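Pasting final_33.tsv here (TSV, C-alpha atoms):
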```
chain	number	residue	atom	x	y	z
A	1	GLY	CA	0.00	0.00	0.00
A	2	GLU	CA	0.86	3.67	-0.07
A	3	ASN	CA	3.60	4.91	2.26
A	4	VAL	CA	4.23	8.61	2.89
A	5	GLU	CA	7.52	9.73	4.41
A	6	GLN	CA	7.84	13.28	5.78
A	7	HIS	CA	10.98	15.23	6.72
A	8	PRO	CA	12.10	16.86	8.89
A	9	SER	CA	10.19	15.87	12.01
A	10	THR	CA	11.01	19.21	13.66
A	11	LEU	CA	11.96	22.54	12.12
A	12	SER	CA	12.90	25.76	13.90
A	13	VAL	CA	13.20	29.06	12.01
A	14	GLN	CA	13.44	32.74	12.78
A	15	GLU	CA	10.52	34.98	11.95
A	16	GLY	CA	10.79	36.14	8.35
A	17	ASP	CA	12.79	33.11	7.20
A	18	SER	CA	11.46	30.48	4.81
A	19	ALA	CA	10.51	26.95	5.82
A	20	VAL	CA	10.46	23.87	3.60
A	21	ILE	CA	8.91	20.50	4.45
A	22	LYS	CA	9.37	17.53	2.14
A	23	CYS	CA	7.37	14.36	1.58
A	24	THR	CA	7.84	11.30	-0.58
A	25	TYR	CA	5.23	8.77	-1.56
A	26	SER	CA	5.47	5.22	-2.86
A	27	ASP	CA	2.35	4.63	-5.00
A	28	SER	CA	2.78	6.24	-8.41
A	29	ALA	CA	-1.00	6.03	-8.90
A	30	SER	CA	-1.63	8.60	-6.13
A	31	ASN	CA	-2.86	11.83	-7.68
A	32	TYR	CA	-3.93	14.18	-4.88
A	33	PHE	CA	-1.59	15.64	-2.25
A	34	PRO	CA	-2.96	17.88	0.50
A	35	TRP	CA	-1.18	19.64	3.34
A	36	TYR	CA	-2.81	20.06	6.74
A	37	LYS	CA	-1.91	22.39	9.61
A	38	GLN	CA	-2.70	21.34	13.15
A	39	GLU	CA	-2.58	23.89	15.94
A	40	LEU	CA	-2.31	22.80	19.55
A	41	GLY	CA	-5.50	21.16	20.80
A	42	LYS	CA	-7.27	21.40	17.45
A	43	GLY	CA	-8.02	19.16	14.51
A	44	PRO	CA	-6.00	19.31	11.28
A	45	GLN	CA	-7.05	21.99	8.81
A	46	LEU	CA	-6.44	21.88	5.07
A	47	ILE	CA	-4.15	24.73	3.98
A	48	ILE	CA	-3.24	23.84	0.40
A	49	ASP	CA	-3.43	20.89	-1.97
A	50	ILE	CA	-2.14	19.89	-5.39
A	51	ARG	CA	-3.18	17.39	-8.03
A	52	SER	CA	-0.83	15.34	-10.13
A	53	ASN	CA	-1.50	17.29	-13.31
A	54	VAL	CA	-0.02	20.45	-11.73
A	55	GLY	CA	3.63	21.08	-10.84
A	56	GLU	CA	3.22	24.02	-8.46
A	57	LYS	CA	0.49	25.88	-6.64
A	58	LYS	CA	0.69	29.07	-4.59
A	59	ASP	CA	-1.57	30.74	-2.07
A	60	GLN	CA	-0.10	33.93	-0.63
A	61	ARG	CA	2.90	32.87	1.51
A	62	ILE	CA	2.35	29.16	0.99
A	63	ALA	CA	3.32	27.08	-2.03
A	64	VAL	CA	3.43	23.40	-2.84
A	65	THR	CA	5.55	21.75	-5.53
A	66	LEU	CA	5.14	18.26	-6.95
A	67	ASN	CA	7.65	16.09	-8.79
A	68	LYS	CA	5.75	13.06	-10.08
A	69	THR	CA	8.81	11.41	-11.57
A	70	ALA	CA	10.67	11.45	-8.27
A	71	LYS	CA	7.43	10.92	-6.29
A	72	HIS	CA	7.99	13.77	-3.90
A	73	PHE	CA	6.22	17.00	-3.00
A	74	SER	CA	7.14	19.91	-0.77
A	75	LEU	CA	5.51	22.69	1.23
A	76	HIS	CA	7.17	26.09	1.15
A	77	ILE	CA	6.27	28.83	3.61
A	78	THR	CA	7.86	32.23	3.00
A	79	GLU	CA	8.16	35.15	5.42
A	80	THR	CA	7.27	32.93	8.35
A	81	GLN	CA	5.36	34.40	11.29
A	82	PRO	CA	4.92	33.12	14.87
A	83	GLU	CA	1.35	32.10	14.05
A	84	ASP	CA	2.76	29.64	11.49
A	85	SER	CA	4.00	27.56	14.44
A	86	ALA	CA	2.09	24.27	14.31
A	87	VAL	CA	2.35	20.65	13.22
A	88	TYR	CA	2.14	20.20	9.45
A	89	PHE	CA	1.05	16.95	7.81
A	90	CYS	CA	1.37	15.91	4.21
A	91	ALA	CA	-0.87	13.23	2.74
A	92	ALA	CA	-1.49	11.28	-0.44
A	93	GLU	CA	-4.62	9.80	-1.96
A	94	PRO	CA	-3.88	6.36	-3.42
A	95	PRO	CA	-6.36	4.16	-5.29
A	96	PRO	CA	-9.19	3.36	-4.70
A	97	ARG	CA	-9.28	7.09	-3.75
A	98	THR	CA	-11.42	6.62	-0.66
A	99	ALA	CA	-9.05	7.86	2.06
A	100	LEU	CA	-5.83	9.78	2.72
A	101	ILE	CA	-2.53	8.31	3.90
A	102	PHE	CA	-0.68	10.78	6.12
A	103	GLY	CA	2.95	11.44	6.85
A	104	LYS	CA	4.11	11.53	10.47
A	105	GLY	CA	4.09	15.30	10.71
A	106	THR	CA	6.56	18.17	11.08
A	107	THR	CA	6.55	20.43	14.12
A	108	LEU	CA	7.39	23.95	12.91
A	109	SER	CA	8.49	26.53	15.46
A	110	VAL	CA	8.84	30.15	14.39
A	111	SER	CA	10.61	32.36	16.90
A	112	SER	CA	10.39	36.15	16.90
B	113	ASN	CA	-22.06	26.56	11.02
B	114	ALA	CA	-20.88	23.66	13.20
B	115	GLY	CA	-18.96	21.54	10.63
B	116	VAL	CA	-17.76	18.29	12.23
B	117	THR	CA	-18.63	17.86	15.90
B	118	GLN	CA	-17.07	15.22	18.13
B	119	THR	CA	-18.12	14.26	21.64
B	120	PRO	CA	-16.78	13.82	24.21
B	121	LYS	CA	-13.59	15.92	24.10
B	122	PHE	CA	-11.88	13.92	26.83
B	123	ARG	CA	-12.52	10.51	28.37
B	124	ILE	CA	-10.77	8.14	30.74
B	125	LEU	CA	-11.71	4.46	30.45
B	126	LYS	CA	-10.72	1.48	32.50
B	127	ILE	CA	-9.34	-1.60	30.78
B	128	GLY	CA	-12.20	-3.76	29.51
B	129	GLN	CA	-14.81	-0.98	29.47
B	130	SER	CA	-16.57	0.02	26.29
B	131	MET	CA	-17.65	3.37	24.91
B	132	THR	CA	-18.88	5.13	21.79
B	133	LEU	CA	-17.20	8.20	20.32
B	134	GLN	CA	-19.78	10.36	18.62
B	135	CYS	CA	-19.28	12.24	15.36
B	136	THR	CA	-21.80	14.31	13.48
B	137	GLN	CA	-21.48	16.65	10.49
B	138	ASP	CA	-23.94	19.20	9.12
B	139	MET	CA	-22.42	19.68	5.67
B	140	ASN	CA	-24.30	16.83	3.96
B	141	HIS	CA	-20.99	15.13	3.20
B	142	ASN	CA	-21.05	11.61	1.85
B	143	TYR	CA	-17.63	10.51	3.08
B	144	MET	CA	-16.74	10.20	6.74
B	145	TYR	CA	-13.57	8.94	8.42
B	146	TRP	CA	-12.14	7.99	11.78
B	147	TYR	CA	-8.42	8.49	12.39
B	148	ARG	CA	-6.31	7.99	15.47
B	149	GLN	CA	-3.28	10.13	16.19
B	150	ASP	CA	-0.43	8.86	18.32
B	151	PRO	CA	2.59	11.06	19.21
B	152	GLY	CA	5.08	11.19	16.35
B	153	MET	CA	3.04	8.74	14.25
B	154	GLY	CA	0.78	10.94	12.18
B	155	LEU	CA	-2.83	9.98	11.56
B	156	LYS	CA	-3.82	6.38	10.97
B	157	LEU	CA	-7.14	5.52	9.33
B	158	ILE	CA	-9.39	3.27	11.44
B	159	TYR	CA	-12.62	3.08	9.41
B	160	TYR	CA	-14.30	5.06	6.70
B	161	SER	CA	-17.72	5.34	5.09
B	162	VAL	CA	-18.66	6.45	1.58
B	163	GLY	CA	-22.33	6.89	2.40
B	164	ALA	CA	-25.13	5.81	4.72
B	165	GLY	CA	-25.12	2.06	5.21
B	166	ILE	CA	-21.61	1.59	3.78
B	167	THR	CA	-18.48	1.22	5.90
B	168	ASP	CA	-15.04	-0.24	5.35
B	169	LYS	CA	-11.84	-0.91	7.28
B	170	GLY	CA	-8.81	1.32	7.19
B	171	GLU	CA	-5.22	0.65	8.29
B	172	VAL	CA	-5.87	-0.04	11.99
B	173	PRO	CA	-9.46	-1.35	12.49
B	174	ASN	CA	-8.82	-4.00	15.18
B	175	GLY	CA	-10.68	-3.31	18.42
B	176	TYR	CA	-13.12	-0.87	16.83
B	177	ASN	CA	-16.51	-0.95	15.14
B	178	VAL	CA	-18.52	1.65	13.26
B	179	SER	CA	-21.97	2.15	11.85
B	180	ARG	CA	-23.44	4.69	9.44
B	181	SER	CA	-27.21	4.70	9.66
B	182	THR	CA	-27.57	8.37	8.59
B	183	THR	CA	-25.56	10.76	6.41
B	184	GLU	CA	-24.84	12.98	9.43
B	185	ASP	CA	-23.61	10.51	12.05
B	186	PHE	CA	-20.64	8.15	12.16
B	187	PRO	CA	-20.10	6.75	15.68
B	188	LEU	CA	-16.98	4.76	16.60
B	189	ARG	CA	-17.41	1.95	19.12
B	190	LEU	CA	-14.63	0.62	21.34
B	191	GLU	CA	-15.31	-2.78	22.87
B	192	LEU	CA	-13.08	-4.09	25.66
B	193	ALA	CA	-10.82	-1.04	25.85
B	194	ALA	CA	-7.07	-1.70	26.02
B	195	PRO	CA	-4.15	0.62	26.93
B	196	SER	CA	-3.04	0.46	23.27
B	197	GLN	CA	-6.19	2.40	22.39
B	198	THR	CA	-4.99	5.43	24.33
B	199	SER	CA	-4.86	8.07	21.61
B	200	VAL	CA	-6.46	11.15	20.15
B	201	TYR	CA	-9.30	10.27	17.81
B	202	PHE	CA	-10.34	12.49	14.93
B	203	CYS	CA	-13.46	12.28	12.83
B	204	ALA	CA	-13.46	13.88	9.38
B	205	SER	CA	-15.87	14.32	6.51
B	206	SER	CA	-15.71	15.27	2.84
B	207	LEU	CA	-18.20	15.70	0.03
B	208	THR	CA	-16.73	13.32	-2.57
B	209	GLY	CA	-13.65	11.27	-1.79
B	210	PRO	CA	-10.96	12.39	0.65
B	211	THR	CA	-10.35	15.73	-1.06
B	212	GLU	CA	-10.92	18.79	1.12
B	213	ALA	CA	-11.65	16.76	4.24
B	214	PHE	CA	-12.85	18.68	7.29
B	215	PHE	CA	-11.74	17.46	10.70
B	216	GLY	CA	-13.40	17.66	14.09
B	217	GLN	CA	-11.64	18.91	17.21
B	218	GLY	CA	-10.74	15.43	18.40
B	219	THR	CA	-11.43	13.17	21.39
B	220	ARG	CA	-8.55	12.47	23.77
B	221	LEU	CA	-9.02	8.97	25.17
B	222	THR	CA	-6.95	7.45	27.96
B	223	VAL	CA	-7.31	3.78	28.90
B	224	VAL	CA	-5.94	2.89	32.33
```

As structure tokens, the full file:
Amino acid sequence: GENVEQHPSTLSVQEGDSAVIKCTYSDSASNYFPWYKQELGKGPQLIIDIRSNVGEKKDQRIAVTLNKTAKHFSLHITETQPEDSAVYFCAAEPPPRTALIFGKGTTLSVSS
Amino acid sequence: NAGVTQTPKFRILKIGQSMTLQCTQDMNHNYMYWYRQDPGMGLKLIYYSVGAGITDKGEVPNGYNVSRSTTEDFPLRLELAAPSQTSVYFCASSLTGPTEAFFGQGTRLTVV
């Protein structure tokens, strides 16, 4: 079955720096890759997603890139702010496209 | 606009007890999911449902049961609770497939 690996497990940056989180997946038939942000004591919230027919997608300070050949995708956060501090999860949607398989998460800490 | 509502938020169970985690959504979503989240392990899929009357196992279904008698509700039943079931449980829903899934706030369960 699908396996999603996520790195790093923890990431500390200074406010204003960029942060990059990387994920790899094993099932080449997966075609949907969302990123979720989980704040302390809350449920995960979708922040951006990308489909396999697109190489890059941006939404203000957040961008996601996808390399289908290498089977990896990345989350890029620019101009980080303290409120970006959270746990970030990547996920993939393998066939039969009924559920998501999640990575283990990255704890991002942004210090001011 | 409630979204996905989970009850209770916290619960302590003794080994061998049983309980039902409640999940309801008011978005008329067809798909509903139960995940468990253990520290450093990401989210693992327990069960999912693609519509009323239809349920299927995920990655870690042992020790759990579900039912889906209505579109809105997707309760998770724990029979004979074990310490290994200590976790945070999240319910999620989506309109069609796992894209744009909305998560509840979670239920923190401790089995002692």

Selection near segment 61-72 of chain A, 12 Å with all atoms listed in the file, sequence-local residues under 6 positions removed, as a VMD selection string: chain A and resid 2 to 7 16 to 37 47 to 55 78 to 81 84 90 to 92

Pull out every residue of chain A sitting within 9 Å of chain B, counting all atoms listed in the file, and send them as a PyMOL selection string. chain A and resi 9+32-34+41-46+49+89+93+97-106

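Using all atoms listed in the file, the nearest neighbour of Thr10 of chain A within the list A:Pro96, A:Leu75, A:Glu39, A:Ser109 is A:Ser109.
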
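Going from atom CA of Ala164 of chain B over to atom CA of Trp146 of chain B, you cover 14.9 Å.
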
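Checking B:Pro195, B:Tyr147, B:Val178, B:Leu133 one by one against Pro120 of chain B, counting only C-alpha atoms, you find the shortest gap at B:Leu133.
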
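The two atoms in question, atom CA of Asp138 of chain B and atom CA of Leu40 of chain A, are spaced 24.3 Å apart.
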
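With distances taken over all atoms listed in the file, B:Gln118 is the one residue among B:Asn174, B:Gln197, B:Gln118, B:Ser179 lying closest to Thr136 of chain B.
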
Exercise: Thr132 of chain B partners within 12 Å, all atoms listed in the file, chain neighbours under 3 positions left out, as a ChimeraX atom specification: /B:118-120,123,125,129,135,176-179,186-193,201,219,221

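Of note, atom CA of Val116 of chain B and atom CA of Ile166 of chain B are spaced 19.1 Å apart.
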
Can you write segment 2-38 of chain A from the block above with N, CA and C atoms, as an mmCIF file, in the first residue's frame?
```
data_model
loop_
_atom_site.group_PDB
_atom_site.id
_atom_site.type_symbol
_atom_site.label_atom_id
_atom_site.label_comp_id
_atom_site.auth_asym_id
_atom_site.auth_seq_id
_atom_site.Cartn_x
_atom_site.Cartn_y
_atom_site.Cartn_z
ATOM 1 N N GLU A 2 0.162 2.382 -0.040
ATOM 2 C CA GLU A 2 0.856 3.666 -0.075
ATOM 3 C C GLU A 2 1.608 3.919 1.233
ATOM 4 N N ASN A 3 2.796 4.507 1.104
ATOM 5 C CA ASN A 3 3.602 4.914 2.256
ATOM 6 C C ASN A 3 4.069 6.347 2.036
ATOM 7 N N VAL A 4 3.839 7.199 3.006
ATOM 8 C CA VAL A 4 4.229 8.606 2.892
ATOM 9 C C VAL A 4 5.278 8.912 3.959
ATOM 10 N N GLU A 5 6.444 9.351 3.509
ATOM 11 C CA GLU A 5 7.521 9.728 4.411
ATOM 12 C C GLU A 5 7.637 11.254 4.451
ATOM 13 N N GLN A 6 7.815 11.814 5.632
ATOM 14 C CA GLN A 6 7.843 13.275 5.778
ATOM 15 C C GLN A 6 9.089 13.677 6.558
ATOM 16 N N HIS A 7 9.761 14.742 6.075
ATOM 17 C CA HIS A 7 10.977 15.234 6.721
ATOM 18 C C HIS A 7 11.042 16.759 6.634
ATOM 19 N N PRO A 8 11.603 17.426 7.637
ATOM 20 C CA PRO A 8 12.101 16.860 8.891
ATOM 21 C C PRO A 8 10.946 16.646 9.880
ATOM 22 N N SER A 9 11.233 16.047 11.011
ATOM 23 C CA SER A 9 10.192 15.870 12.012
ATOM 24 C C SER A 9 10.014 17.137 12.847
ATOM 25 N N THR A 10 11.087 17.914 12.996
ATOM 26 C CA THR A 10 11.006 19.212 13.657
ATOM 27 C C THR A 10 11.789 20.228 12.856
ATOM 28 N N LEU A 11 11.326 21.468 12.891
ATOM 29 C CA LEU A 11 11.961 22.538 12.122
ATOM 30 C C LEU A 11 11.805 23.837 12.905
ATOM 31 N N SER A 12 12.923 24.478 13.181
ATOM 32 C CA SER A 12 12.895 25.761 13.897
ATOM 33 C C SER A 12 13.475 26.840 12.994
ATOM 34 N N VAL A 13 12.747 27.947 12.844
ATOM 35 C CA VAL A 13 13.201 29.058 12.008
ATOM 36 C C VAL A 13 12.970 30.365 12.737
ATOM 37 N N GLN A 14 13.660 31.391 12.276
ATOM 38 C CA GLN A 14 13.444 32.738 12.781
ATOM 39 C C GLN A 14 12.321 33.393 11.975
ATOM 40 N N GLU A 15 11.587 34.249 12.634
ATOM 41 C CA GLU A 15 10.518 34.984 11.948
ATOM 42 C C GLU A 15 11.073 35.679 10.706
ATOM 43 N N GLY A 16 10.364 35.529 9.600
ATOM 44 C CA GLY A 16 10.795 36.136 8.349
ATOM 45 C C GLY A 16 11.555 35.184 7.438
ATOM 46 N N ASP A 17 12.101 34.098 8.013
ATOM 47 C CA ASP A 17 12.793 33.105 7.198
ATOM 48 C C ASP A 17 11.784 32.251 6.445
ATOM 49 N N SER A 18 12.293 31.450 5.514
ATOM 50 C CA SER A 18 11.459 30.484 4.810
ATOM 51 C C SER A 18 11.567 29.112 5.469
ATOM 52 N N ALA A 19 10.522 28.315 5.301
ATOM 53 C CA ALA A 19 10.505 26.951 5.824
ATOM 54 C C ALA A 19 10.093 26.005 4.702
ATOM 55 N N VAL A 20 10.770 24.864 4.630
ATOM 56 C CA VAL A 20 10.459 23.872 3.601
ATOM 57 C C VAL A 20 10.290 22.505 4.265
ATOM 58 N N ILE A 21 9.193 21.842 3.952
ATOM 59 C CA ILE A 21 8.912 20.500 4.454
ATOM 60 C C ILE A 21 8.731 19.588 3.244
ATOM 61 N N LYS A 22 9.372 18.421 3.307
ATOM 62 C CA LYS A 22 9.370 17.533 2.144
ATOM 63 C C LYS A 22 8.701 16.195 2.442
ATOM 64 N N CYS A 23 8.015 15.667 1.452
ATOM 65 C CA CYS A 23 7.368 14.362 1.576
ATOM 66 C C CYS A 23 7.624 13.526 0.334
ATOM 67 N N THR A 24 7.765 12.230 0.540
ATOM 68 C CA THR A 24 7.844 11.300 -0.579
ATOM 69 C C THR A 24 6.722 10.289 -0.447
ATOM 70 N N TYR A 25 6.285 9.770 -1.575
ATOM 71 C CA TYR A 25 5.228 8.768 -1.558
ATOM 72 C C TYR A 25 5.653 7.576 -2.412
ATOM 73 N N SER A 26 5.011 6.444 -2.192
ATOM 74 C CA SER A 26 5.467 5.218 -2.858
ATOM 75 C C SER A 26 4.575 4.779 -4.019
ATOM 76 N N ASP A 27 3.293 5.120 -3.981
ATOM 77 C CA ASP A 27 2.353 4.635 -4.997
ATOM 78 C C ASP A 27 2.247 5.653 -6.144
ATOM 79 N N SER A 28 2.775 5.313 -7.284
ATOM 80 C CA SER A 28 2.781 6.235 -8.415
ATOM 81 C C SER A 28 1.378 6.552 -8.914
ATOM 82 N N ALA A 29 0.377 5.776 -8.485
ATOM 83 C CA ALA A 29 -1.001 6.033 -8.898
ATOM 84 C C ALA A 29 -1.687 7.093 -8.024
ATOM 85 N N SER A 30 -1.052 7.516 -6.952
ATOM 86 C CA SER A 30 -1.626 8.596 -6.126
ATOM 87 C C SER A 30 -1.666 9.868 -6.948
ATOM 88 N N ASN A 31 -2.751 10.634 -6.835
ATOM 89 C CA ASN A 31 -2.858 11.826 -7.680
ATOM 90 C C ASN A 31 -3.375 13.061 -6.958
ATOM 91 N N TYR A 32 -3.466 13.013 -5.637
ATOM 92 C CA TYR A 32 -3.934 14.175 -4.883
ATOM 93 C C TYR A 32 -3.097 14.265 -3.618
ATOM 94 N N PHE A 33 -2.556 15.474 -3.339
ATOM 95 C CA PHE A 33 -1.594 15.636 -2.253
ATOM 96 C C PHE A 33 -1.935 16.894 -1.449
ATOM 97 N N PRO A 34 -2.627 16.732 -0.334
ATOM 98 C CA PRO A 34 -2.958 17.883 0.502
ATOM 99 C C PRO A 34 -1.957 18.091 1.629
ATOM 100 N N TRP A 35 -1.949 19.304 2.145
ATOM 101 C CA TRP A 35 -1.179 19.639 3.338
ATOM 102 C C TRP A 35 -2.141 20.168 4.401
ATOM 103 N N TYR A 36 -1.968 19.650 5.627
ATOM 104 C CA TYR A 36 -2.808 20.060 6.736
ATOM 105 C C TYR A 36 -1.961 20.712 7.825
ATOM 106 N N LYS A 37 -2.554 21.697 8.487
ATOM 107 C CA LYS A 37 -1.910 22.385 9.613
ATOM 108 C C LYS A 37 -2.721 22.067 10.867
ATOM 109 N N GLN A 38 -2.028 21.645 11.916
ATOM 110 C CA GLN A 38 -2.704 21.336 13.155
ATOM 111 C C GLN A 38 -2.148 22.188 14.281
#
```
